[in-house]
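Peer 1: Following this line is run_5.cif, made up of mmCIF, C-alpha atoms and all ligand atoms:
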```
data_upload
loop_
_atom_site.label_atom_id
_atom_site.label_comp_id
_atom_site.auth_asym_id
_atom_site.auth_seq_id
_atom_site.Cartn_x
_atom_site.Cartn_y
_atom_site.Cartn_z
CA MET A 1 0.00 0.00 0.00
CA PRO A 2 2.71 2.55 0.50
CA GLU A 3 3.71 2.15 -3.12
CA GLN A 4 2.01 5.23 -4.44
CA GLU A 5 3.48 7.35 -1.79
CA SER A 6 7.01 6.18 -2.38
CA GLU A 7 6.58 6.52 -6.11
CA ARG A 8 5.75 10.12 -5.65
CA GLU A 9 8.45 10.65 -3.11
CA SER A 10 11.20 9.30 -5.30
CA GLY A 11 9.66 10.71 -8.45
CA LYS A 12 10.30 14.18 -7.14
CA VAL A 13 14.03 13.82 -7.11
CA THR A 14 14.50 11.94 -10.32
CA GLU A 15 14.00 14.92 -12.58
CA ARG A 16 16.94 16.97 -11.66
CA ASN A 17 19.90 14.83 -12.55
CA SER A 18 20.64 15.46 -16.16
CA GLY A 19 23.97 13.76 -16.35
CA ALA A 20 26.26 16.40 -14.93
CA GLY A 21 28.79 14.10 -13.30
CA GLY A 22 28.70 14.97 -9.64
CA ALA A 23 25.14 16.16 -9.40
CA HIS A 24 24.13 16.41 -5.81
CA VAL A 25 21.63 13.88 -4.66
CA SER A 26 20.33 13.97 -1.15
CA ASP A 27 20.65 11.04 1.21
CA ARG A 28 17.30 9.41 0.83
CA ALA A 29 16.99 10.23 -2.81
CA MET A 30 17.04 7.52 -5.35
CA PRO A 31 18.82 7.93 -8.60
CA GLN A 32 16.77 7.82 -11.71
CA LEU A 33 16.01 4.18 -11.94
CA ASP A 34 13.61 2.46 -14.18
CA ALA A 35 10.19 2.30 -12.51
CA LEU A 36 10.16 -1.46 -12.26
CA TYR A 37 13.64 -1.53 -10.84
CA ARG A 38 12.74 1.19 -8.40
CA GLU A 39 10.05 -0.98 -6.91
CA VAL A 40 12.46 -3.83 -6.37
CA VAL A 41 14.89 -1.46 -4.68
CA LEU A 42 12.19 0.06 -2.51
CA ASP A 43 10.95 -3.34 -1.48
CA HIS A 44 14.40 -4.27 -0.20
CA TYR A 45 14.78 -0.88 1.41
CA LYS A 46 11.55 -1.17 3.33
CA ARG A 47 11.90 -4.82 4.22
CA PRO A 48 15.59 -5.52 4.37
CA ARG A 49 16.50 -9.22 4.36
CA GLY A 50 19.16 -10.79 6.45
CA ARG A 51 18.47 -8.98 9.69
CA LYS A 52 18.05 -12.12 11.69
CA LYS A 53 20.63 -12.46 14.39
CA ILE A 54 23.35 -15.01 13.97
CA GLU A 55 24.27 -16.97 17.05
CA HIS A 56 27.84 -18.03 16.41
CA PRO A 57 29.47 -15.90 13.79
CA ASN A 58 33.00 -16.66 12.64
CA LEU A 59 33.54 -13.05 11.88
CA CYS A 60 31.90 -9.70 12.52
CA THR A 61 32.91 -6.66 10.61
CA SER A 62 31.62 -3.30 9.55
CA GLY A 63 31.93 -0.85 6.74
CA PHE A 64 31.32 2.84 6.32
CA ASN A 65 30.79 5.02 3.32
CA PRO A 66 31.76 8.55 4.35
CA THR A 67 30.50 10.08 1.12
CA CYS A 68 26.93 9.29 2.03
CA GLY A 69 27.04 8.22 5.67
CA ASP A 70 26.00 4.64 5.03
CA GLN A 71 27.00 2.05 7.60
CA VAL A 72 26.90 -1.68 7.39
CA MET A 73 27.54 -4.40 9.93
CA LEU A 74 28.08 -7.97 8.91
CA SER A 75 28.11 -11.15 10.92
CA LEU A 76 29.26 -14.12 9.02
CA GLU A 77 29.07 -17.81 9.71
CA VAL A 78 31.13 -19.98 7.43
CA GLU A 79 31.04 -23.73 7.53
CA SER A 80 33.29 -25.81 5.31
CA ASP A 81 33.79 -22.98 2.88
CA ARG A 82 30.14 -22.14 2.61
CA ILE A 83 28.28 -19.14 3.99
CA SER A 84 25.91 -20.88 6.33
CA GLY A 85 24.77 -17.75 8.07
CA LEU A 86 24.80 -14.09 7.25
CA GLU A 87 23.45 -11.20 9.22
CA VAL A 88 23.43 -7.80 7.58
CA GLN A 89 22.52 -4.60 9.35
CA CYS A 90 22.68 -1.54 7.18
CA GLN A 91 21.75 2.01 7.94
CA GLY A 92 21.87 4.55 5.23
CA CYS A 93 20.35 5.55 1.94
CA SER A 94 17.96 3.45 -0.06
CA ILE A 95 20.67 2.19 -2.39
CA SER A 96 22.98 0.97 0.34
CA VAL A 97 20.20 -0.67 2.34
CA ALA A 98 18.68 -2.30 -0.73
CA SER A 99 22.02 -3.56 -1.96
CA SER A 100 22.91 -5.07 1.41
CA SER A 101 19.51 -6.70 1.64
CA MET A 102 19.97 -8.20 -1.82
CA MET A 103 23.37 -9.41 -0.80
CA ALA A 104 21.96 -11.16 2.25
CA GLU A 105 19.47 -12.90 0.05
CA LEU A 106 21.94 -13.85 -2.65
CA LEU A 107 24.80 -15.05 -0.53
CA ALA A 108 22.97 -17.29 1.91
CA GLY A 109 24.28 -20.80 1.38
CA LYS A 110 26.79 -19.80 -1.27
CA SER A 111 30.39 -20.93 -1.26
CA LYS A 112 33.03 -18.31 -0.68
CA GLU A 113 34.07 -18.64 -4.27
CA GLU A 114 30.54 -18.09 -5.53
CA ALA A 115 30.22 -15.09 -3.27
CA GLN A 116 33.39 -13.60 -4.64
CA ARG A 117 32.22 -14.19 -8.17
CA LEU A 118 28.93 -12.47 -7.49
CA PHE A 119 30.78 -9.54 -6.03
CA ASP A 120 33.12 -9.30 -9.01
CA THR A 121 30.20 -9.44 -11.40
CA PHE A 122 28.22 -6.84 -9.52
CA ARG A 123 31.24 -4.59 -9.33
CA CYS A 124 31.73 -4.90 -13.07
CA MET A 125 28.15 -3.86 -13.58
CA MET A 126 28.59 -0.87 -11.31
CA HIS A 127 31.62 0.25 -13.24
CA GLY A 128 29.82 -0.05 -16.51
CA GLN A 129 31.69 -3.11 -17.67
CA ASP A 130 30.12 -6.19 -19.08
CA PRO A 131 29.20 -8.49 -16.22
CA ASP A 132 29.86 -12.20 -16.43
CA PRO A 133 26.79 -13.50 -18.28
CA GLU A 134 26.97 -16.79 -16.42
CA VAL A 135 26.39 -15.17 -13.07
CA ASP A 136 22.81 -14.57 -12.05
CA LEU A 137 22.69 -11.28 -10.22
CA GLY A 138 19.08 -11.67 -9.22
CA ASP A 139 17.57 -8.51 -7.77
CA LEU A 140 20.90 -6.75 -8.07
CA GLU A 141 20.00 -6.13 -11.68
CA ALA A 142 17.66 -3.52 -10.34
CA LEU A 143 20.67 -1.48 -9.29
CA SER A 144 22.24 -1.44 -12.74
CA GLY A 145 21.12 2.15 -13.27
CA VAL A 146 23.20 3.28 -10.31
CA ALA A 147 26.28 2.91 -12.51
CA GLN A 148 25.37 6.24 -14.07
CA PHE A 149 25.67 7.98 -10.73
CA PRO A 150 29.29 7.84 -9.65
CA VAL A 151 28.49 9.24 -6.23
CA ARG A 152 26.10 6.41 -5.52
CA ILE A 153 28.24 3.51 -6.68
CA LYS A 154 29.91 3.40 -3.30
CA CYS A 155 26.49 3.13 -1.68
CA ALA A 156 25.69 0.12 -3.82
CA LEU A 157 29.04 -1.54 -3.23
CA LEU A 158 29.46 -0.86 0.47
CA ALA A 159 28.04 -4.12 1.81
CA TRP A 160 29.83 -6.07 -0.90
CA THR A 161 33.27 -4.64 -0.39
CA THR A 162 32.83 -5.18 3.34
CA MET A 163 31.83 -8.77 2.68
CA ALA A 164 34.70 -9.41 0.29
CA GLU A 165 37.10 -8.09 2.87
CA ALA A 166 35.58 -10.32 5.52
CA LEU A 167 35.98 -13.36 3.32
CA ARG A 168 39.57 -12.45 2.65
CA LYS A 169 40.21 -12.13 6.36
CA LEU A 170 38.68 -15.53 6.98
CA ASP A 171 40.90 -17.03 4.31
CA ALA A 172 44.06 -15.52 5.64
CA PRO A 173 43.87 -14.13 9.13
CA GLY A 174 47.40 -12.87 8.61
CA LEU A 175 47.88 -10.92 5.47
CA LYS A 176 46.90 -11.64 1.95
CA GLU A 177 46.05 -8.59 0.00
CA GLY A 178 45.71 -9.69 -3.54
CA PRO A 179 45.94 -6.65 -5.81
CA HIS A 180 42.96 -8.29 -7.38
CA THR A 181 40.74 -5.27 -7.28
CA ASP A 182 41.07 -4.00 -10.79
CA ASP A 183 41.83 -6.57 -13.37
CA VAL A 184 40.70 -4.43 -16.25
ZN ZN A 201 24.34 5.99 0.28
#
```
Write out the structure in this file as structure tokens.
Ligand code: ZN
Peer 2:
Amino acid sequence: MPEQESERESGKVTERNSGAGGAHVSDRAMPQLDALYREVVLDHYKRPRGRKKIEHPNLCTSGFNPTCGDQVMLSLEVESDRISGLEVQCQGCSISVASSSMMAELLAGKSKEEAQRLFDTFRCMMHGQDPDPEVDLGDLEALSGVAQFPVRIKCALLAWTTMAEALRKLDAPGLKEGPHTDDV
């Protein structure tokens, strides 16, 4: 039922960005996304998945996006290389909350490798590169339009970069920083 209201609310802000690189968009504002996509994003924003508390996490970590003020907290339970539990608490703009909710949904039960692949693919999409066609991004597709808003890309990637870092830490509690970030 709140659909109409939110439509109107986000419709207001969509007009003004006409492609001038760093156009200012306020915190709660949503970039100009396709109407269908916008609904998917709003649904995740209003009912974020993955909030259920995890009893025995292997790792807890957090991430912060100073550009927008988004914060994410992750609790991760990994069992024989598989993400058996994932708790995601995100506070911030619609894009960051929606993206972290989608992540919670997508990564539950995935292997670490699959998780990394999803992240790589999503990151490609955010940077306007061709994503791996074999990877099903699910609801994340709805965020494809964010790629046109450089300021918001960090919002979309926050939970994911935090997650990727967590997985790396689990793999090598010491140090293992693969300069893997930009293989373009
Ligand atoms: Zn944000």
Peer 1: Can you tell me which residues sit at most 7 Å away from ligand ZN 201 (chain A), counting only C-alpha atoms and all ligand atoms, written as a list in words?
Peer 2: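 The distance check yields Asp27, Cys68, Gly69, Asp70, Gly92, Cys93, Ser94, Ile95, Ser96, Arg152 and Cys155 of chain A.
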Peer 1: Mind giving me the straight-line distance from atom CA of A:Leu170 to atom CA of A:Lys110 in Å, one decimal?
Peer 2: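 Interatomic distance, atom CA of A:Leu170 to atom CA of A:Lys110: 15.1 Å.
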Peer 1: With a cut-off of 12 Å, could you pull out the residues of stretch 13-118 of chain A touching stretch 130-135 of chain A and give me the nearest pair of atoms for each, distance in Å to one decimal, using only C-alpha atoms, ordered by chain and ascending number, as CSV?
Peer 2:
```
residue,atom,partner,partner_atom,distance
A:Leu106,CA,A:Val135,CA,11.4
A:Glu114,CA,A:Val135,CA,9.1
A:Ala115,CA,A:Val135,CA,10.5
A:Gln116,CA,A:Val135,CA,11.1
A:Arg117,CA,A:Val135,CA,7.7
A:Leu118,CA,A:Val135,CA,6.7
```
Peer 1: Tell me which protein, DNA and RNA residues are within 8 Å of stretch 46-63 of chain A, counting all atoms listed in the file, leaving out same-chain ones fewer than 2 positions away, and put them as a list in words.
Peer 2: Leu42, Asp43, His44, Asn65, Gln71, Val72, Met73, Leu74, Ser75, Leu76, Glu77, Val78, Gly85, Leu86, Glu87, Val88, Gln89, Val97, Ala98, Ser100, Ser101, Met102, Ala104, Glu105, Leu158, Ala159, Thr162, Ala166 and Leu170 of chain A
Peer 1: So which residues touch stretch 126-128 of chain A within 7 Å, counting all atoms listed in the file, skipping near sequence neighbours fewer than 3 positions away, as number ranges by chain?
Peer 2: A: 122-123, 144, 146-147, 153
Peer 1: Have a look at atom CA of A:Gly109 and atom CA of A:Gly138 and let me know their distance in Å, one decimal.
Peer 2: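 Answer for the atom CA of A:Gly109 to atom CA of A:Gly138 separation: 14.9 Å.
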Peer 1: Give the answer as one residue: which of A:Cys124, A:Ala156, A:Leu143, A:Met163 has the shortest atom-to-atom distance to A:Ile83, using only C-alpha atoms?
Peer 2: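 Result for the nearest residue to A:Ile83: A:Met163.
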Peer 1: I'd like the interatomic distance between atom CA of A:Gln148 and atom CA of A:Ala35, to a tenth of an Å.
Peer 2: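 Computed distance, atom CA of A:Gln148 to atom CA of A:Ala35, equals 15.8 Å.
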Peer 1: With distances taken over only C-alpha atoms, which of A:Arg168, A:Asp34, A:Trp160, A:Lys154 is nearest to A:Pro66?
Peer 2: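 Closest to A:Pro66, using only C-alpha atoms: A:Lys154.
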Peer 1: Tell me, as a list in words, which residues lie within 6 Å of A:Asp81, counting all atoms listed in the file; anything in the same chain fewer than 2 positions away does not count.
Peer 2: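 So the residues in contact are Glu79, Ser111 and Lys112 of chain A.
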Peer 1: Tell me which of A:Lys169, A:Phe119, A:Thr67, A:Tyr37 sits closest to A:Pro150, counting only C-alpha atoms.
Peer 2: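 For A:Pro150, the nearest of the given residues is A:Thr67.
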Peer 1: Which residues, written as a list in words, have at least one atom at most 12 Å from A:Leu36, with only C-alpha atoms counted and residues fewer than 3 positions away on the same chain left out?
Peer 2: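 The neighbour list is Glu3, Glu7, Gln32, Leu33, Glu39, Val40, Val41, Leu42, Asp43, Asp139, Glu141, Ala142, Leu143 and Gly145 of chain A.
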Peer 1: Kindly reconstruct stretch 77-101 of chain A with N, CA and C atoms and present the result as a tab-separated table (two decimals), in the frame of the given file.
Peer 2:
```tsv
chain	number	residue	atom	x	y	z
A	77	GLU	N	28.83	-16.46	9.21
A	77	GLU	CA	29.07	-17.81	9.71
A	77	GLU	C	29.45	-18.66	8.52
A	78	VAL	N	30.65	-19.18	8.55
A	78	VAL	CA	31.13	-19.98	7.43
A	78	VAL	C	31.42	-21.39	7.90
A	79	GLU	N	30.85	-22.33	7.17
A	79	GLU	CA	31.04	-23.73	7.53
A	79	GLU	C	31.53	-24.46	6.30
A	80	SER	N	32.62	-25.13	6.41
A	80	SER	CA	33.29	-25.81	5.31
A	80	SER	C	33.14	-25.02	4.00
A	81	ASP	N	33.68	-23.84	4.06
A	81	ASP	CA	33.79	-22.98	2.88
A	81	ASP	C	32.48	-22.43	2.33
A	82	ARG	N	31.44	-22.59	3.09
A	82	ARG	CA	30.14	-22.14	2.61
A	82	ARG	C	29.56	-21.13	3.62
A	83	ILE	N	28.90	-20.14	3.11
A	83	ILE	CA	28.28	-19.14	3.99
A	83	ILE	C	26.99	-19.72	4.55
A	84	SER	N	27.08	-20.22	5.76
A	84	SER	CA	25.91	-20.88	6.33
A	84	SER	C	25.03	-19.89	7.07
A	85	GLY	N	25.58	-18.77	7.40
A	85	GLY	CA	24.77	-17.75	8.07
A	85	GLY	C	25.31	-16.37	7.76
A	86	LEU	N	24.37	-15.44	7.58
A	86	LEU	CA	24.80	-14.09	7.25
A	86	LEU	C	23.80	-13.10	7.83
A	87	GLU	N	24.31	-12.24	8.67
A	87	GLU	CA	23.45	-11.20	9.22
A	87	GLU	C	23.96	-9.86	8.70
A	88	VAL	N	23.05	-9.09	8.15
A	88	VAL	CA	23.43	-7.80	7.58
A	88	VAL	C	22.58	-6.70	8.19
A	89	GLN	N	23.23	-5.75	8.81
A	89	GLN	CA	22.52	-4.60	9.35
A	89	GLN	C	23.07	-3.37	8.64
A	90	CYS	N	22.21	-2.72	7.91
A	90	CYS	CA	22.68	-1.54	7.18
A	90	CYS	C	21.81	-0.34	7.49
A	91	GLN	N	22.47	0.76	7.74
A	91	GLN	CA	21.75	2.01	7.94
A	91	GLN	C	22.29	3.00	6.95
A	92	GLY	N	21.38	3.59	6.21
A	92	GLY	CA	21.87	4.55	5.23
A	92	GLY	C	20.82	4.83	4.18
A	93	CYS	N	21.27	5.18	3.01
A	93	CYS	CA	20.35	5.55	1.94
A	93	CYS	C	19.70	4.30	1.35
A	94	SER	N	18.71	4.55	0.53
A	94	SER	CA	17.96	3.45	-0.06
A	94	SER	C	18.85	2.50	-0.85
A	95	ILE	N	19.81	3.05	-1.56
A	95	ILE	CA	20.67	2.19	-2.39
A	95	ILE	C	21.52	1.27	-1.54
A	96	SER	N	22.11	1.81	-0.48
A	96	SER	CA	22.98	0.97	0.34
A	96	SER	C	22.18	-0.09	1.09
A	97	VAL	N	21.03	0.29	1.60
A	97	VAL	CA	20.20	-0.67	2.34
A	97	VAL	C	19.68	-1.75	1.39
A	98	ALA	N	19.21	-1.33	0.23
A	98	ALA	CA	18.68	-2.30	-0.73
A	98	ALA	C	19.78	-3.26	-1.18
A	99	SER	N	20.94	-2.72	-1.48
A	99	SER	CA	22.02	-3.56	-1.96
A	99	SER	C	22.45	-4.57	-0.90
A	100	SER	N	22.49	-4.14	0.36
A	100	SER	CA	22.91	-5.07	1.41
A	100	SER	C	21.84	-6.13	1.65
A	101	SER	N	20.59	-5.74	1.49
A	101	SER	CA	19.51	-6.70	1.64
A	101	SER	C	19.57	-7.74	0.52
```
